[in-house]
Amino acid sequence: MNSLTPGLTTSHTTTANLPVLDYTIITTDAGLATACAHWQQSPALALDTEFMRVSTFYPELGLLQIADAAAVTLVDPLGIRDWGPFRALMLDERIVKVLHSCSEDLLVFFTFLGILPTPVFDTQIAGALLNQGNSLSYQNLVKTRFGVDLPKGETRSDWLQRPLTPEQLDYAALDVAYLYRCWQDQQSALQQQGRHTWLQEECNRMLGNYESEFTHDYDDYYLNFKSGWQLRPRPLLALQKLAVWREERARQRNKPRSWILKDNALFAIANSMVSSRTQLATLEDVSDNFVRHEGDGVLALVQQAREAPEADCPPPLPQPLTNSEKQLLRRMQDLVEQRATELGLPQEILGRKRALVPLLYAVLELQPGEMLDESVLPDELTGWRREAILHPLLKLLRP
């Protein structure tokens with residue numbers, strides 16, 4: 001089979017270790033609408049996407065895979081114009097959307113549908129909560145559960161080419177062929193262990209990471225610069241303004257952030273508070289073309305930061321931990337490891353360093369007798385983790 005054909009059903013056996021798999025390929029609006037009407041009766045849908053994201057900010061969808069309890073369907077998005085029925089399906093709260101390690105897939109859905117599917121069940125997160133392994137791959141999940149070795153050869157192939165090869169189609173179909181049954185197994189196990197609400201919290205938290213795509217509020221993106229603690233108030237404000245500008249420009253031009261301006265160049269502009277095109281052109285990784293087309297706008301942002309009242313500047317970022325603070329952090333990590341063992345969880349999902357450090361800073365800043373405002377803590381320490389690890393950590397830090 002060398003082309004996508006409406007309504008085509010095909011069978012394949014990729015290797016002797018793989019069972020015969022039938023799947024249907026949809027290429028028309030009518031075909032998709034009919035399938036959506038059928039999928040409305042399913043309690044869950046297993047989903048995956050194949051996309052390209054080499055020279056663009058937003059991923060370009062090449063193929064969409066869907067499986068219910070009975071069948072696998074591939075949707076060729078290049079021929080679909082009316083996504084209305086599928087969009088409504090993705091927002092139907094009665095139907096669980098099952099994906100594996102879906103952070104990138106969520107951005108794909110946002111790009112071509114303008115929404116995020118809900119509710120979401122991520123089988124990788126479920127695997128961690130069931131102590132099946134942290135960052136568990138779909139291939140290992142299927143190997144452990146079904147004894148099947150899935151092929152990986154088409155992972156980085158061109159999904160925008162047409163026609164897609166039989167190998168690409170087989171690979172894509174297999175990516176959801178076992179996902180529905182994985183969901184059934186994990187959902188049952190989570191309920192037995194009383195952790196199904198934990199999974200819901202984790203998936204909702206992951207969906208929340210994309211809030212800025214809807215609000216267009218990028219004011220916190222400067223916090224991703226680890227050296228920001230070195231900056232004085234107005235250079236830090238310049239960094240904030242430049243980070244917002246780059247986020248907006250990357251989306252407007254649909255280009256990767258580094259194609260707009262690399263991190264080191266953006267930081268250098270803020271740190272030096274450049275005041276002229278000549279000074280801007282001397283910085284590393286700032287091209288003449290950038291100065292010509294973007295220079296005036298960037299200089300204007302720096303000038304705004306220079307003239308702003310200090311009260312308008314972001315608060316200074318925490319400095320690196322001292323040796324004694326590092327020792328305290330190590331004790332926190334040891335406690336996380338101990339609690340993770342007791343709970344039967346990977347240490348990484350219970351308390352990552354990026355959540356522990358803000359907690360440590362917050363406690364160190366407290367005055368004697370002052371209570372901690374938990375609202376300032378990372379979201380990763382809320383919900384089910386409050387009892388599981390936050391309260392034990394607070395007892396350690398404030399005995």
# chains A, B, ... in the order shown; residues from 1 in each chain; ligands from 1

$ residues_around --residues "A:Gly84" --least-positions-apart "3" --cutoff "10 Å" --atoms "only C-alpha atoms" --output "list of chain:residue names"
A:Asp29, A:Leu32, A:Ala33, A:Cys36, A:Arg81, A:Arg87, A:Ala88, A:Leu89, A:Met90, A:Leu113

$ residues_around --residues "A:Cys182" --least-positions-apart "2" --cutoff "8 Å" --atoms "only C-alpha atoms" --output "PyMOL selection string"
chain A and resi 123+142+145+178-180+184-186

$ write_last_selection --atoms "N, CA, C and O atoms" --output "JSON list (two decimals), in the first residue's frame"
[["chain", "number", "residue", "atom", "x", "y", "z"],
["A", 123, "THR", "N", -0.58, 7.66, 30.38],
["A", 123, "THR", "CA", -0.16, 6.34, 30.85],
["A", 123, "THR", "C", 1.27, 6.35, 31.38],
["A", 123, "THR", "O", 1.65, 5.46, 32.16],
["A", 142, "VAL", "N", 4.51, -1.56, 26.82],
["A", 142, "VAL", "CA", 3.91, -2.64, 26.01],
["A", 142, "VAL", "C", 4.71, -3.93, 26.15],
["A", 142, "VAL", "O", 4.14, -5.02, 26.24],
["A", 145, "ARG", "N", 3.84, -5.43, 29.61],
["A", 145, "ARG", "CA", 2.45, -5.88, 29.76],
["A", 145, "ARG", "C", 2.07, -6.97, 28.77],
["A", 145, "ARG", "O", 1.37, -7.93, 29.12],
["A", 178, "TYR", "N", -2.06, -0.78, 21.58],
["A", 178, "TYR", "CA", -2.09, -1.36, 22.92],
["A", 178, "TYR", "C", -2.43, -0.33, 23.99],
["A", 178, "TYR", "O", -2.55, -0.67, 25.17],
["A", 179, "LEU", "N", -2.60, 0.91, 23.59],
["A", 179, "LEU", "CA", -2.76, 1.99, 24.56],
["A", 179, "LEU", "C", -4.08, 1.90, 25.31],
["A", 179, "LEU", "O", -4.14, 2.19, 26.51],
["A", 180, "TYR", "N", -5.13, 1.52, 24.63],
["A", 180, "TYR", "CA", -6.45, 1.43, 25.27],
["A", 180, "TYR", "C", -6.42, 0.38, 26.39],
["A", 180, "TYR", "O", -6.91, 0.63, 27.49],
["A", 184, "GLN", "N", -6.96, 0.58, 30.54],
["A", 184, "GLN", "CA", -7.87, -0.25, 31.32],
["A", 184, "GLN", "C", -7.14, -0.85, 32.52],
["A", 184, "GLN", "O", -7.65, -0.83, 33.65],
["A", 185, "ASP", "N", -5.95, -1.39, 32.28],
["A", 185, "ASP", "CA", -5.18, -2.01, 33.36],
["A", 185, "ASP", "C", -4.79, -0.98, 34.42],
["A", 185, "ASP", "O", -4.96, -1.21, 35.63],
["A", 186, "GLN", "N", -4.25, 0.14, 33.98],
["A", 186, "GLN", "CA", -3.75, 1.14, 34.91],
["A", 186, "GLN", "C", -4.88, 1.81, 35.69],
["A", 186, "GLN", "O", -4.75, 2.09, 36.88]]

$ closest_residue --among "A:Leu150, A:Leu207, A:Leu160, A:Leu136" --to "A:Val120" --atoms "only C-alpha atoms"
A:Leu207

$ select_by_dssp --residues "stretch 250-314 of chain A" --states "alpha helix (DSSP H)" --output "ChimeraX atom specification"
/A:250-253,257-260,263-272,277-281,288-307

$ write_last_selection --atoms "N, CA and C atoms" --output "short mmCIF file (atom, residue, chain, number, x, y, z; two decimals), in the first residue's frame"
data_model
loop_
_atom_site.label_atom_id
_atom_site.label_comp_id
_atom_site.auth_asym_id
_atom_site.auth_seq_id
_atom_site.Cartn_x
_atom_site.Cartn_y
_atom_site.Cartn_z
N ALA A 250 8.28 34.64 18.46
CA ALA A 250 8.40 33.25 18.02
C ALA A 250 7.06 32.71 17.54
N ARG A 251 5.99 33.06 18.25
CA ARG A 251 4.67 32.61 17.85
C ARG A 251 4.18 33.33 16.60
N GLN A 252 4.43 34.63 16.51
CA GLN A 252 4.01 35.38 15.34
C GLN A 252 4.67 34.86 14.06
N ARG A 253 5.95 34.55 14.16
CA ARG A 253 6.70 34.11 12.98
C ARG A 253 6.72 32.59 12.84
N ARG A 257 12.40 29.59 19.31
CA ARG A 257 12.90 30.74 20.07
C ARG A 257 14.34 31.08 19.68
N SER A 258 15.16 30.05 19.55
CA SER A 258 16.58 30.29 19.26
C SER A 258 16.78 30.90 17.88
N TRP A 259 15.80 30.74 16.97
CA TRP A 259 15.90 31.38 15.66
C TRP A 259 15.60 32.87 15.77
N ILE A 260 14.82 33.24 16.75
CA ILE A 260 14.55 34.66 16.97
C ILE A 260 15.76 35.31 17.65
N ASP A 263 19.39 32.32 23.80
CA ASP A 263 19.31 32.67 25.22
C ASP A 263 20.48 33.55 25.66
N ASN A 264 21.71 33.17 25.27
CA ASN A 264 22.87 33.91 25.74
C ASN A 264 22.88 35.34 25.21
N ALA A 265 22.38 35.53 23.98
CA ALA A 265 22.33 36.88 23.42
C ALA A 265 21.25 37.71 24.11
N LEU A 266 20.11 37.10 24.38
CA LEU A 266 19.04 37.83 25.06
C LEU A 266 19.50 38.26 26.46
N PHE A 267 20.17 37.35 27.16
CA PHE A 267 20.66 37.68 28.50
C PHE A 267 21.72 38.78 28.44
N ALA A 268 22.60 38.71 27.44
CA ALA A 268 23.66 39.72 27.31
C ALA A 268 23.09 41.10 27.03
N ILE A 269 22.02 41.18 26.25
CA ILE A 269 21.38 42.46 25.97
C ILE A 269 20.84 43.09 27.25
N ALA A 270 20.18 42.26 28.05
CA ALA A 270 19.64 42.76 29.32
C ALA A 270 20.74 43.12 30.29
N ASN A 271 21.74 42.29 30.40
CA ASN A 271 22.82 42.49 31.37
C ASN A 271 23.61 43.76 31.08
N SER A 272 23.86 44.03 29.80
CA SER A 272 24.65 45.21 29.42
C SER A 272 23.80 46.45 29.20
N ARG A 277 22.64 50.66 18.40
CA ARG A 277 22.79 49.57 17.45
C ARG A 277 24.23 49.10 17.40
N THR A 278 25.16 50.03 17.51
CA THR A 278 26.58 49.67 17.47
C THR A 278 26.93 48.74 18.63
N GLN A 279 26.47 49.07 19.82
CA GLN A 279 26.73 48.23 20.98
C GLN A 279 26.03 46.88 20.83
N LEU A 280 24.83 46.90 20.30
CA LEU A 280 24.08 45.66 20.10
C LEU A 280 24.82 44.72 19.15
N ALA A 281 25.40 45.28 18.11
CA ALA A 281 26.08 44.47 17.10
C ALA A 281 27.35 43.81 17.60
N ASP A 288 24.03 40.94 12.07
CA ASP A 288 23.72 42.23 11.44
C ASP A 288 22.27 42.26 10.98
N ASN A 289 21.78 41.12 10.50
CA ASN A 289 20.39 41.05 10.05
C ASN A 289 19.43 41.29 11.22
N PHE A 290 19.76 40.74 12.39
CA PHE A 290 18.93 40.97 13.57
C PHE A 290 18.93 42.44 13.95
N VAL A 291 20.11 43.06 13.94
CA VAL A 291 20.21 44.48 14.30
C VAL A 291 19.39 45.32 13.33
N ARG A 292 19.45 44.97 12.07
CA ARG A 292 18.75 45.74 11.04
C ARG A 292 17.23 45.65 11.19
N HIS A 293 16.72 44.44 11.46
CA HIS A 293 15.27 44.24 11.47
C HIS A 293 14.64 44.34 12.87
N GLU A 294 15.38 43.98 13.91
CA GLU A 294 14.81 43.94 15.25
C GLU A 294 15.48 44.90 16.23
N GLY A 295 16.58 45.51 15.81
CA GLY A 295 17.38 46.30 16.73
C GLY A 295 16.62 47.43 17.41
N ASP A 296 15.88 48.22 16.65
CA ASP A 296 15.18 49.36 17.24
C ASP A 296 14.16 48.92 18.27
N GLY A 297 13.43 47.85 17.98
CA GLY A 297 12.43 47.37 18.93
C GLY A 297 13.06 46.86 20.22
N VAL A 298 14.17 46.16 20.10
CA VAL A 298 14.87 45.65 21.28
C VAL A 298 15.43 46.80 22.11
N LEU A 299 16.03 47.76 21.44
CA LEU A 299 16.59 48.92 22.16
C LEU A 299 15.49 49.69 22.88
N ALA A 300 14.32 49.77 22.28
CA ALA A 300 13.20 50.47 22.93
C ALA A 300 12.78 49.76 24.22
N LEU A 301 12.80 48.43 24.21
CA LEU A 301 12.45 47.68 25.42
C LEU A 301 13.47 47.91 26.52
N VAL A 302 14.75 47.92 26.15
CA VAL A 302 15.79 48.17 27.14
C VAL A 302 15.65 49.59 27.71
N GLN A 303 15.32 50.54 26.84
CA GLN A 303 15.15 51.92 27.29
C GLN A 303 13.97 52.03 28.26
N GLN A 304 12.89 51.30 27.98
CA GLN A 304 11.75 51.29 28.90
C GLN A 304 12.17 50.79 30.27
N ALA A 305 12.99 49.74 30.30
CA ALA A 305 13.46 49.21 31.58
C ALA A 305 14.38 50.21 32.28
N ARG A 306 15.19 50.90 31.50
CA ARG A 306 16.12 51.88 32.08
C ARG A 306 15.37 53.03 32.75
N GLU A 307 14.26 53.43 32.17
CA GLU A 307 13.52 54.59 32.67
C GLU A 307 12.46 54.22 33.70
#

$ atom_distance --atom1 "atom CA of A:Ser157" --atom2 "atom CA of A:Leu78"
16.8 Å

$ atom_distance --atom1 "atom CA of A:Gln240" --atom2 "atom CA of A:Lys226"
12.9 Å

$ residues_around --residues "A:Arg53" --least-positions-apart "4" --cutoff "12 Å" --atoms "only C-alpha atoms" --output "VMD selection string"
chain A and resid 57 to 62 104 to 105 107 to 108 111 156 to 160 254 to 256

$ closest_residue --among "A:Asp219, A:Glu380, A:Asp334, A:Glu348" --to "A:Gly133" --atoms "only C-alpha atoms"
A:Glu348

$ closest_residue --among "A:Ile95, A:Leu343, A:Pro151, A:Ile80" --to "A:Gly194" --atoms "only C-alpha atoms"
A:Leu343

$ residues_around --residues "A:Phe225" --least-positions-apart "3" --cutoff "9 Å" --atoms "only C-alpha atoms" --output "PyMOL selection string"
chain A and resi 221-222+228-229+239+263+267

$ residues_around --residues "A:Leu397" --least-positions-apart "2" --cutoff "8 Å" --atoms "only C-alpha atoms" --output "compact mmCIF listing (two decimals) with N, CA and C atoms, in the first residue's frame"
# COMPACT_ATOMS: atom_id res chain seq x y z
N LEU A 360 12.61 25.50 50.11
CA LEU A 360 13.72 25.82 51.00
C LEU A 360 13.90 27.33 51.11
N VAL A 363 11.08 28.90 53.26
CA VAL A 363 11.22 28.66 54.69
C VAL A 363 12.35 29.49 55.27
N LEU A 393 8.31 17.50 54.98
CA LEU A 393 9.42 18.41 54.70
C LEU A 393 9.40 19.61 55.63
N LEU A 394 8.21 20.14 55.90
CA LEU A 394 8.10 21.29 56.79
C LEU A 394 8.52 20.92 58.21
N LYS A 395 8.21 19.68 58.62
CA LYS A 395 8.66 19.23 59.95
C LYS A 395 10.18 19.14 60.00
N PRO A 399 11.55 22.14 62.79
CA PRO A 399 11.21 21.14 63.83
C PRO A 399 10.60 21.79 65.05

$ atom_distance --atom1 "atom CA of A:Pro163" --atom2 "atom CA of A:Ser101"
27.5 Å

$ closest_residue --among "A:Val75, A:Val148, A:Pro318, A:Gln187" --to "A:Leu223" --atoms "only C-alpha atoms"
A:Pro318
